[in-house]
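Student: Data: final_4.pdb, PDB, C-alpha atoms.
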MODEL        1
ATOM      1  CA  ALA Z   1     -34.547 -12.944   3.395
ATOM      2  CA  ASP Z   2     -37.048 -14.195   0.819
ATOM      3  CA  THR Z   3     -35.038 -15.873  -1.951
ATOM      4  CA  SER Z   4     -35.759 -17.400  -5.338
ATOM      5  CA  LEU Z   5     -32.959 -19.597  -6.726
ATOM      6  CA  LYS Z   6     -32.820 -20.952 -10.270
ATOM      7  CA  LEU Z   7     -30.112 -23.289 -11.572
ATOM      8  CA  ASN Z   8     -29.837 -24.372 -15.194
ATOM      9  CA  PHE Z   9     -27.336 -27.058 -16.182
ATOM     10  CA  GLU Z  10     -26.926 -30.218 -18.225
ATOM     11  CA  LEU Z  11     -26.987 -33.535 -16.402
ATOM     12  CA  LYS Z  12     -23.602 -35.089 -17.092
ATOM     13  CA  ASN Z  13     -20.656 -36.485 -15.112
ATOM     14  CA  ASP Z  14     -18.042 -33.984 -16.278
ATOM     15  CA  LEU Z  15     -20.048 -30.792 -15.609
ATOM     16  CA  ASN Z  16     -17.892 -27.676 -15.150
ATOM     17  CA  THR Z  17     -18.879 -24.842 -12.835
ATOM     18  CA  ASP Z  18     -18.999 -22.358 -15.732
ATOM     19  CA  GLU Z  19     -21.677 -24.506 -17.377
ATOM     20  CA  VAL Z  20     -24.098 -23.876 -14.509
ATOM     21  CA  LYS Z  21     -26.386 -20.882 -15.071
ATOM     22  CA  VAL Z  22     -27.363 -19.215 -11.800
ATOM     23  CA  ASN Z  23     -30.174 -16.731 -11.169
ATOM     24  CA  VAL Z  24     -30.907 -15.513  -7.652
ATOM     25  CA  LEU Z  25     -33.515 -12.939  -6.638
ATOM     26  CA  SER Z  26     -33.674 -12.101  -2.961
ATOM     27  CA  SER Z  27     -35.483  -9.546  -0.818
ATOM     28  CA  LEU Z  28     -33.182  -8.710   2.094
ATOM     29  CA  LYS Z  29     -34.618  -7.319   5.332
ATOM     30  CA  ASN Z  30     -32.951  -5.246   8.066
ATOM     31  CA  VAL Z  31     -29.621  -5.071   6.247
ATOM     32  CA  ARG Z  32     -26.534  -3.622   7.908
ATOM     33  CA  PHE Z  33     -22.932  -3.256   6.660
ATOM     34  CA  PRO Z  34     -20.905  -2.107   9.719
ATOM     35  CA  ASN Z  35     -17.896  -0.750   7.787
ATOM     36  CA  ALA Z  36     -19.343   0.340   4.454
ATOM     37  CA  TYR Z  37     -17.276   3.544   4.184
ATOM     38  CA  LYS Z  38     -14.569   4.875   6.529
ATOM     39  CA  ASN Z  39     -15.960   2.763   9.410
ATOM     40  CA  LYS Z  40     -19.438   4.174   8.788
ATOM     41  CA  ALA Z  41     -22.404   1.774   8.797
ATOM     42  CA  LEU Z  42     -24.766   1.366   5.852
ATOM     43  CA  SER Z  43     -28.226   0.140   6.812
ATOM     44  CA  ALA Z  44     -31.547  -0.518   5.074
ATOM     45  CA  GLU Z  45     -34.941  -1.874   6.002
ATOM     46  CA  SER Z  46     -35.132  -3.670   2.659
ATOM     47  CA  LEU Z  47     -32.826  -4.220  -0.325
ATOM     48  CA  THR Z  48     -33.245  -6.253  -3.502
ATOM     49  CA  LEU Z  49     -30.381  -8.581  -4.418
ATOM     50  CA  GLU Z  50     -30.017 -10.071  -7.903
ATOM     51  CA  VAL Z  51     -27.174 -12.466  -8.750
ATOM     52  CA  ASN Z  52     -26.344 -14.256 -11.993
ATOM     53  CA  ASN Z  53     -23.248 -15.538 -13.754
ATOM     54  CA  GLN Z  54     -22.320 -12.058 -14.941
ATOM     55  CA  GLY Z  55     -22.484 -10.264 -11.596
ATOM     56  CA  LEU Z  56     -24.678  -8.968  -8.797
ATOM     57  CA  SER Z  57     -26.897  -5.960  -8.210
ATOM     58  CA  LEU Z  58     -28.053  -4.608  -4.860
ATOM     59  CA  THR Z  59     -30.671  -1.828  -4.965
ATOM     60  CA  GLY Z  60     -32.961   0.075  -2.630
ATOM     61  CA  ASP Z  61     -33.321   2.928  -0.144
ATOM     62  CA  ALA Z  62     -30.607   2.951   2.503
ATOM     63  CA  LYS Z  63     -28.805   5.141   5.025
ATOM     64  CA  LEU Z  64     -25.115   5.814   5.549
ATOM     65  CA  GLU Z  65     -25.087   6.642   9.246
ATOM     66  CA  ASN Z  66     -28.051   9.088   9.277
ATOM     67  CA  ILE Z  67     -27.836  10.086   5.584
ATOM     68  CA  PRO Z  68     -30.750   8.857   3.425
ATOM     69  CA  LEU Z  69     -29.738   7.726  -0.054
ATOM     70  CA  LYS Z  70     -30.823   5.634  -3.012
ATOM     71  CA  LEU Z  71     -28.353   2.816  -3.634
ATOM     72  CA  VAL Z  72     -27.426   0.826  -6.728
ATOM     73  CA  TRP Z  73     -24.407  -1.444  -6.178
ATOM     74  CA  ASN Z  74     -23.209  -3.369  -9.221
ATOM     75  CA  GLU Z  75     -20.423  -5.941  -9.232
ATOM     76  CA  ASN Z  76     -19.163  -7.464 -12.465
ATOM     77  CA  PHE Z  77     -17.680 -10.943 -12.007
ATOM     78  CA  SER Z  78     -15.716 -10.684 -15.257
ATOM     79  CA  ALA Z  79     -12.241  -9.160 -15.530
ATOM     80  CA  LYS Z  80     -12.205  -5.530 -14.349
ATOM     81  CA  ASN Z  81      -9.703  -2.898 -13.247
ATOM     82  CA  TYR Z  82     -11.680  -1.684 -10.225
ATOM     83  CA  GLN Z  83     -12.740  -3.064  -6.847
ATOM     84  CA  SER Z  84     -16.337  -1.815  -6.533
ATOM     85  CA  ARG Z  85     -18.771   0.545  -8.244
ATOM     86  CA  TYR Z  86     -21.787   2.266  -6.711
ATOM     87  CA  LYS Z  87     -24.513   4.620  -7.881
ATOM     88  CA  LEU Z  88     -25.868   6.865  -5.128
ATOM     89  CA  SER Z  89     -28.503   9.600  -5.085
ATOM     90  CA  PHE Z  90     -28.610  11.865  -2.026
ATOM     91  CA  LYS Z  91     -28.778  15.396  -0.615
ATOM     92  CA  PHE Z  92     -25.283  16.908  -0.272
ATOM     93  CA  ASN Z  93     -25.192  19.208   2.755
ATOM     94  CA  ASN Z  94     -22.994  19.975   5.758
ATOM     95  CA  ALA Z  95     -24.039  16.760   7.547
ATOM     96  CA  VAL Z  96     -22.978  14.689   4.538
ATOM     97  CA  LYS Z  97     -19.632  16.490   4.326
ATOM     98  CA  GLN Z  98     -18.962  15.641   7.967
ATOM     99  CA  VAL Z  99     -19.845  11.961   7.556
ATOM    100  CA  LEU Z 100     -17.840  11.611   4.325
ATOM    101  CA  GLY Z 101     -14.896  13.588   5.660
ATOM    102  CA  VAL Z 102     -15.050  16.157   2.853
ATOM    103  CA  ASP Z 103     -12.914  19.098   3.958
ATOM    104  CA  SER Z 104     -11.792  20.726   0.693
ATOM    105  CA  SER Z 105     -12.095  24.510   0.800
ATOM    106  CA  ILE Z 106     -13.828  24.726  -2.596
ATOM    107  CA  LEU Z 107     -16.791  22.726  -1.239
ATOM    108  CA  ASN Z 108     -17.321  24.992   1.780
ATOM    109  CA  PRO Z 109     -18.136  28.677   2.468
ATOM    110  CA  PRO Z 110     -17.415  31.235   1.196
ATOM    111  CA  TYR Z 111     -17.441  29.359  -2.120
ATOM    112  CA  VAL Z 112     -20.597  27.262  -1.639
ATOM    113  CA  ASP Z 113     -23.317  27.094   0.999
ATOM    114  CA  GLY Z 114     -26.627  25.259   1.255
ATOM    115  CA  TYR Z 115     -27.356  21.860  -0.256
ATOM    116  CA  ALA Z 116     -27.397  20.141  -3.657
ATOM    117  CA  MET Z 117     -29.269  17.101  -4.958
ATOM    118  CA  ILE Z 118     -26.673  14.633  -6.210
ATOM    119  CA  ASP Z 119     -26.634  11.697  -8.602
ATOM    120  CA  SER Z 120     -23.235  10.025  -8.417
ATOM    121  CA  GLU Z 121     -21.239   7.061  -9.633
ATOM    122  CA  ILE Z 122     -18.365   6.023  -7.375
ATOM    123  CA  THR Z 123     -15.599   3.691  -8.543
ATOM    124  CA  ILE Z 124     -13.161   2.314  -5.962
ATOM    125  CA  PHE Z 125      -9.816   0.938  -7.156
ATOM    126  CA  ASP Z 126      -7.406  -1.449  -5.425
ATOM    127  CA  ASP Z 127      -4.621   1.160  -5.001
ATOM    128  CA  ASN Z 128      -6.516   3.520  -2.641
ATOM    129  CA  ARG Z 129      -7.832   5.586  -5.565
ATOM    130  CA  THR Z 130     -11.471   6.577  -5.912
ATOM    131  CA  SER Z 131     -13.132   8.263  -8.880
ATOM    132  CA  VAL Z 132     -16.459  10.048  -8.423
ATOM    133  CA  SER Z 133     -18.684  11.274 -11.272
ATOM    134  CA  LEU Z 134     -21.312  13.754 -10.114
ATOM    135  CA  ASN Z 135     -24.390  15.436 -11.520
ATOM    136  CA  ALA Z 136     -25.610  18.061  -9.064
ATOM    137  CA  GLN Z 137     -28.751  20.238  -9.062
ATOM    138  CA  LEU Z 138     -27.667  23.478  -7.337
ATOM    139  CA  SER Z 139     -30.876  25.494  -6.981
ATOM    140  CA  LYS Z 140     -30.788  25.256  -3.156
ATOM    141  CA  MET Z 141     -27.134  26.251  -2.944
ATOM    142  CA  THR Z 142     -25.422  29.627  -3.144
ATOM    143  CA  VAL Z 143     -22.274  29.522  -5.257
ATOM    144  CA  ASP Z 144     -19.579  32.196  -5.370
ATOM    145  CA  PHE Z 145     -16.877  31.275  -7.838
ATOM    146  CA  SER Z 146     -16.306  34.922  -8.759
ATOM    147  CA  PHE Z 147     -12.711  34.113  -9.641
ATOM    148  CA  LEU Z 148     -14.188  32.017 -12.487
ATOM    149  CA  GLY Z 149     -16.913  34.500 -13.382
ATOM    150  CA  PHE Z 150     -19.642  32.239 -11.941
ATOM    151  CA  LYS Z 151     -21.947  33.318  -9.143
ATOM    152  CA  LYS Z 152     -25.524  32.327  -8.278
ATOM    153  CA  LYS Z 153     -28.103  33.122  -5.643
ATOM    154  CA  LEU Z 154     -30.276  30.754  -3.635
ATOM    155  CA  ASP Z 155     -33.186  29.313  -5.669
ATOM    156  CA  GLU Z 156     -31.533  30.234  -8.980
ATOM    157  CA  PRO Z 157     -31.460  27.067 -11.146
ATOM    158  CA  ALA Z 158     -28.002  25.748 -11.963
ATOM    159  CA  ASN Z 159     -26.278  22.445 -12.625
ATOM    160  CA  LEU Z 160     -22.825  21.007 -12.054
ATOM    161  CA  THR Z 161     -21.278  17.948 -13.671
ATOM    162  CA  THR Z 162     -17.816  16.942 -12.559
ATOM    163  CA  THR Z 163     -15.316  14.173 -11.948
ATOM    164  CA  LEU Z 164     -13.459  14.038  -8.624
ATOM    165  CA  ASN Z 165     -10.290  12.032  -8.011
ATOM    166  CA  LEU Z 166      -9.551  10.967  -4.433
ATOM    167  CA  TYR Z 167      -6.570   9.215  -2.879
ATOM    168  CA  ASN Z 168      -6.912   7.693   0.587
ATOM    169  CA  ASN Z 169     -10.377   9.357   0.706
ATOM    170  CA  LYS Z 170      -8.881  12.837   0.196
ATOM    171  CA  LEU Z 171      -9.766  14.993  -2.804
ATOM    172  CA  VAL Z 172      -6.618  15.418  -4.930
ATOM    173  CA  ALA Z 173      -7.866  16.574  -8.355
ATOM    174  CA  VAL Z 174     -10.881  17.720 -10.347
ATOM    175  CA  PRO Z 175      -9.986  16.638 -13.896
ATOM    176  CA  GLN Z 176     -13.275  17.863 -15.377
ATOM    177  CA  PHE Z 177     -16.120  20.177 -14.400
ATOM    178  CA  SER Z 178     -18.954  22.035 -16.114
ATOM    179  CA  LEU Z 179     -21.158  24.680 -14.484
ATOM    180  CA  PHE Z 180     -24.410  25.779 -16.120
ATOM    181  CA  LYS Z 181     -27.110  28.335 -15.462
ATOM    182  CA  ASP Z 182     -29.549  30.125 -17.788
ATOM    183  CA  ASP Z 183     -27.098  32.677 -19.151
ATOM    184  CA  PHE Z 184     -23.761  31.078 -18.379
ATOM    185  CA  LYS Z 185     -21.647  27.990 -19.077
ATOM    186  CA  LEU Z 186     -18.199  27.266 -17.713
ATOM    187  CA  SER Z 187     -16.039  24.157 -18.120
ATOM    188  CA  GLY Z 188     -12.490  23.225 -17.222
ATOM    189  CA  LYS Z 189     -10.423  21.401 -14.599
ATOM    190  CA  VAL Z 190      -8.920  22.136 -11.174
ATOM    191  CA  GLU Z 191      -5.585  21.119  -9.659
ATOM    192  CA  LEU Z 192      -5.361  21.030  -5.853
ATOM    193  CA  ASP Z 193      -2.423  21.272  -3.467
ATOM    194  CA  ALA Z 194      -1.581  18.741  -0.743
ATOM    195  CA  GLN Z 195      -4.046  20.395   1.658
ATOM    196  CA  GLY Z 196      -6.941  20.163  -0.813
ATOM    197  CA  ASN Z 197      -6.899  23.873  -1.653
ATOM    198  CA  MET Z 198      -7.110  25.167  -5.216
ATOM    199  CA  LYS Z 199      -3.709  25.416  -6.891
ATOM    200  CA  THR Z 200      -4.594  26.096 -10.524
ATOM    201  CA  VAL Z 201      -7.819  26.364 -12.532
ATOM    202  CA  ASP Z 202      -7.649  25.581 -16.240
ATOM    203  CA  ILE Z 203     -10.658  27.007 -18.112
ATOM    204  CA  GLY Z 204     -11.489  25.121 -21.297
ATOM    205  CA  GLU Z 205     -14.644  27.049 -22.246
ATOM    206  CA  ILE Z 206     -16.626  29.995 -20.915
ATOM    207  CA  ASN Z 207     -19.842  31.482 -22.315
ATOM    208  CA  GLY Z 208     -21.817  34.320 -20.738
ATOM    209  CA  PRO Z 209     -23.768  37.486 -21.614
ATOM    210  CA  LYS Z 210     -20.573  39.464 -22.254
ATOM    211  CA  THR Z 211     -18.020  36.681 -22.400
ATOM    212  CA  SER Z 212     -17.288  33.871 -24.809
ATOM    213  CA  ALA Z 213     -14.002  31.985 -25.021
ATOM    214  CA  LYS Z 214     -12.793  28.486 -25.750
ATOM    215  CA  ALA Z 215      -9.311  27.069 -25.247
TER     216      ALA Z 215
ENDMDL
END
If you convert what's in this file into structure tokens, what do you get?
Tutor:
Amino acid sequence: ADTSLKLNFELKNDLNTDEVKVNVLSSLKNVRFPNAYKNKALSAESLTLEVNNQGLSLTGDAKLENIPLKLVWNENFSAKNYQSRYKLSFKFNNAVKQVLGVDSSILNPPYVDGYAMIDSEITIFDDNRTSVSLNAQLSKMTVDFSFLGFKKKLDEPANLTTTLNLYNNKLVAVPQFSLFKDDFKLSGKVELDAQGNMKTVDIGEINGPKTSAKA
């Protein structure tokens, strides 16, 4: 690692640790976290680490097992109600679902097939809860949510924004989602059963060529 360390403090006998200002900038090489997620290794040829009194940031191109992704890991040293927070950008496909252990029926055929380009923010809490905010470009994915009035073909532009709640790494709720394409917008929330299958869908708003409603 190539590291630059800066310390700023007053020369006095009764110096407290919180009076020392720390700034660290480091270029890390051949990085590997053996158990980054569900015993899966995260590796990178190079990552940039920045540390100061407020927190740390770790950024760069990495791989989770064989999945390429762009990583931004931010830790706030001040009081917080979560354990860790990450921003990841990656291609969501069948290989990713296998590595992440995603087995919910609504994320598999016949509902969706193909891949999506994802920008995500993942927040991990101390009580086995995880919250995931997603923004997905769906042009390379077929989507058949006919039960919601939403269906798209391959190469048709569309976008999904959603929040996913997981417990013990299993999807348990979708408290918010919005689906967009040129002539259609749909938003609402989904409740799942214990097996991760859809239990109820609550539509808050729907707008299409022949349909317009808002709860």
Student: Pick out the closest residue to Ala194 of chain Z from this set: Z:Lys87, Z:Lys181, Z:Lys170, Z:Lys151. Count all atoms listed in the file.
Tutor: Z:Lys170
Student: Evaluated on this file, the PyMOL selection byres ((chain Z and resi 155-162) around 8) picks out some residues - which ones are they, written as a compact mmCIF listing (two decimals) with C-alpha atoms, in the frame of the given file?
Tutor:
# COMPACT_ATOMS: atom_id res chain seq x y z
CA SER Z 133 -18.68 11.27 -11.27
CA LEU Z 134 -21.31 13.75 -10.11
CA ASN Z 135 -24.39 15.44 -11.52
CA ALA Z 136 -25.61 18.06 -9.06
CA GLN Z 137 -28.75 20.24 -9.06
CA LEU Z 138 -27.67 23.48 -7.34
CA SER Z 139 -30.88 25.49 -6.98
CA LYS Z 140 -30.79 25.26 -3.16
CA MET Z 141 -27.13 26.25 -2.94
CA LYS Z 152 -25.52 32.33 -8.28
CA LYS Z 153 -28.10 33.12 -5.64
CA LEU Z 154 -30.28 30.75 -3.64
CA THR Z 163 -15.32 14.17 -11.95
CA LEU Z 164 -13.46 14.04 -8.62
CA VAL Z 174 -10.88 17.72 -10.35
CA PRO Z 175 -9.99 16.64 -13.90
CA GLN Z 176 -13.28 17.86 -15.38
CA PHE Z 177 -16.12 20.18 -14.40
CA SER Z 178 -18.95 22.04 -16.11
CA LEU Z 179 -21.16 24.68 -14.48
CA PHE Z 180 -24.41 25.78 -16.12
CA LYS Z 181 -27.11 28.34 -15.46
CA ASP Z 182 -29.55 30.12 -17.79
Student: Atom CA of Gly60 of chain Z and atom CA of Tyr167 of chain Z are how many Å apart?
Tutor: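 Computing the Euclidean distance for atom CA of Gly60 of chain Z and atom CA of Tyr167 of chain Z yields 27.9 Å.
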Student: Just so the selection is clear, what residues does the PyMOL selection byres ((chain Z and resi 144) around 10) cover here, as a list of chain:residue names?
Tutor: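 This file gives the following for the PyMOL selection byres ((chain Z and resi 144) around 10): Z:Ile106, Z:Pro109, Z:Pro110, Z:Tyr111, Z:Val112, Z:Asp113, Z:Met141, Z:Thr142, Z:Val143, Z:Phe145, Z:Ser146, Z:Phe147, Z:Leu148, Z:Gly149, Z:Phe150, Z:Lys151, Z:Lys152, Z:Lys153.
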Student: Between Z:Ser78, Z:Asn23, Z:Ser4, Z:Ser187, which residue has the minimum interatomic distance to Val51 of chain Z, considering only C-alpha atoms?
Tutor: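 When distances to Val51 of chain Z are compared using only C-alpha atoms, the smallest one comes from Z:Asn23.
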Student: Hey, can you check how far atom CA of Ser120 of chain Z sits from atom CA of Arg85 of chain Z?
Tutor: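 Going from atom CA of Ser120 of chain Z over to atom CA of Arg85 of chain Z, I get 10.5 Å.
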Student: Have a look at atom CA of Ser89 of chain Z and atom CA of Thr48 of chain Z and let me know their distance in Å, one decimal.
Tutor: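 One can read the atom CA of Ser89 of chain Z to atom CA of Thr48 of chain Z distance as 16.6 Å.
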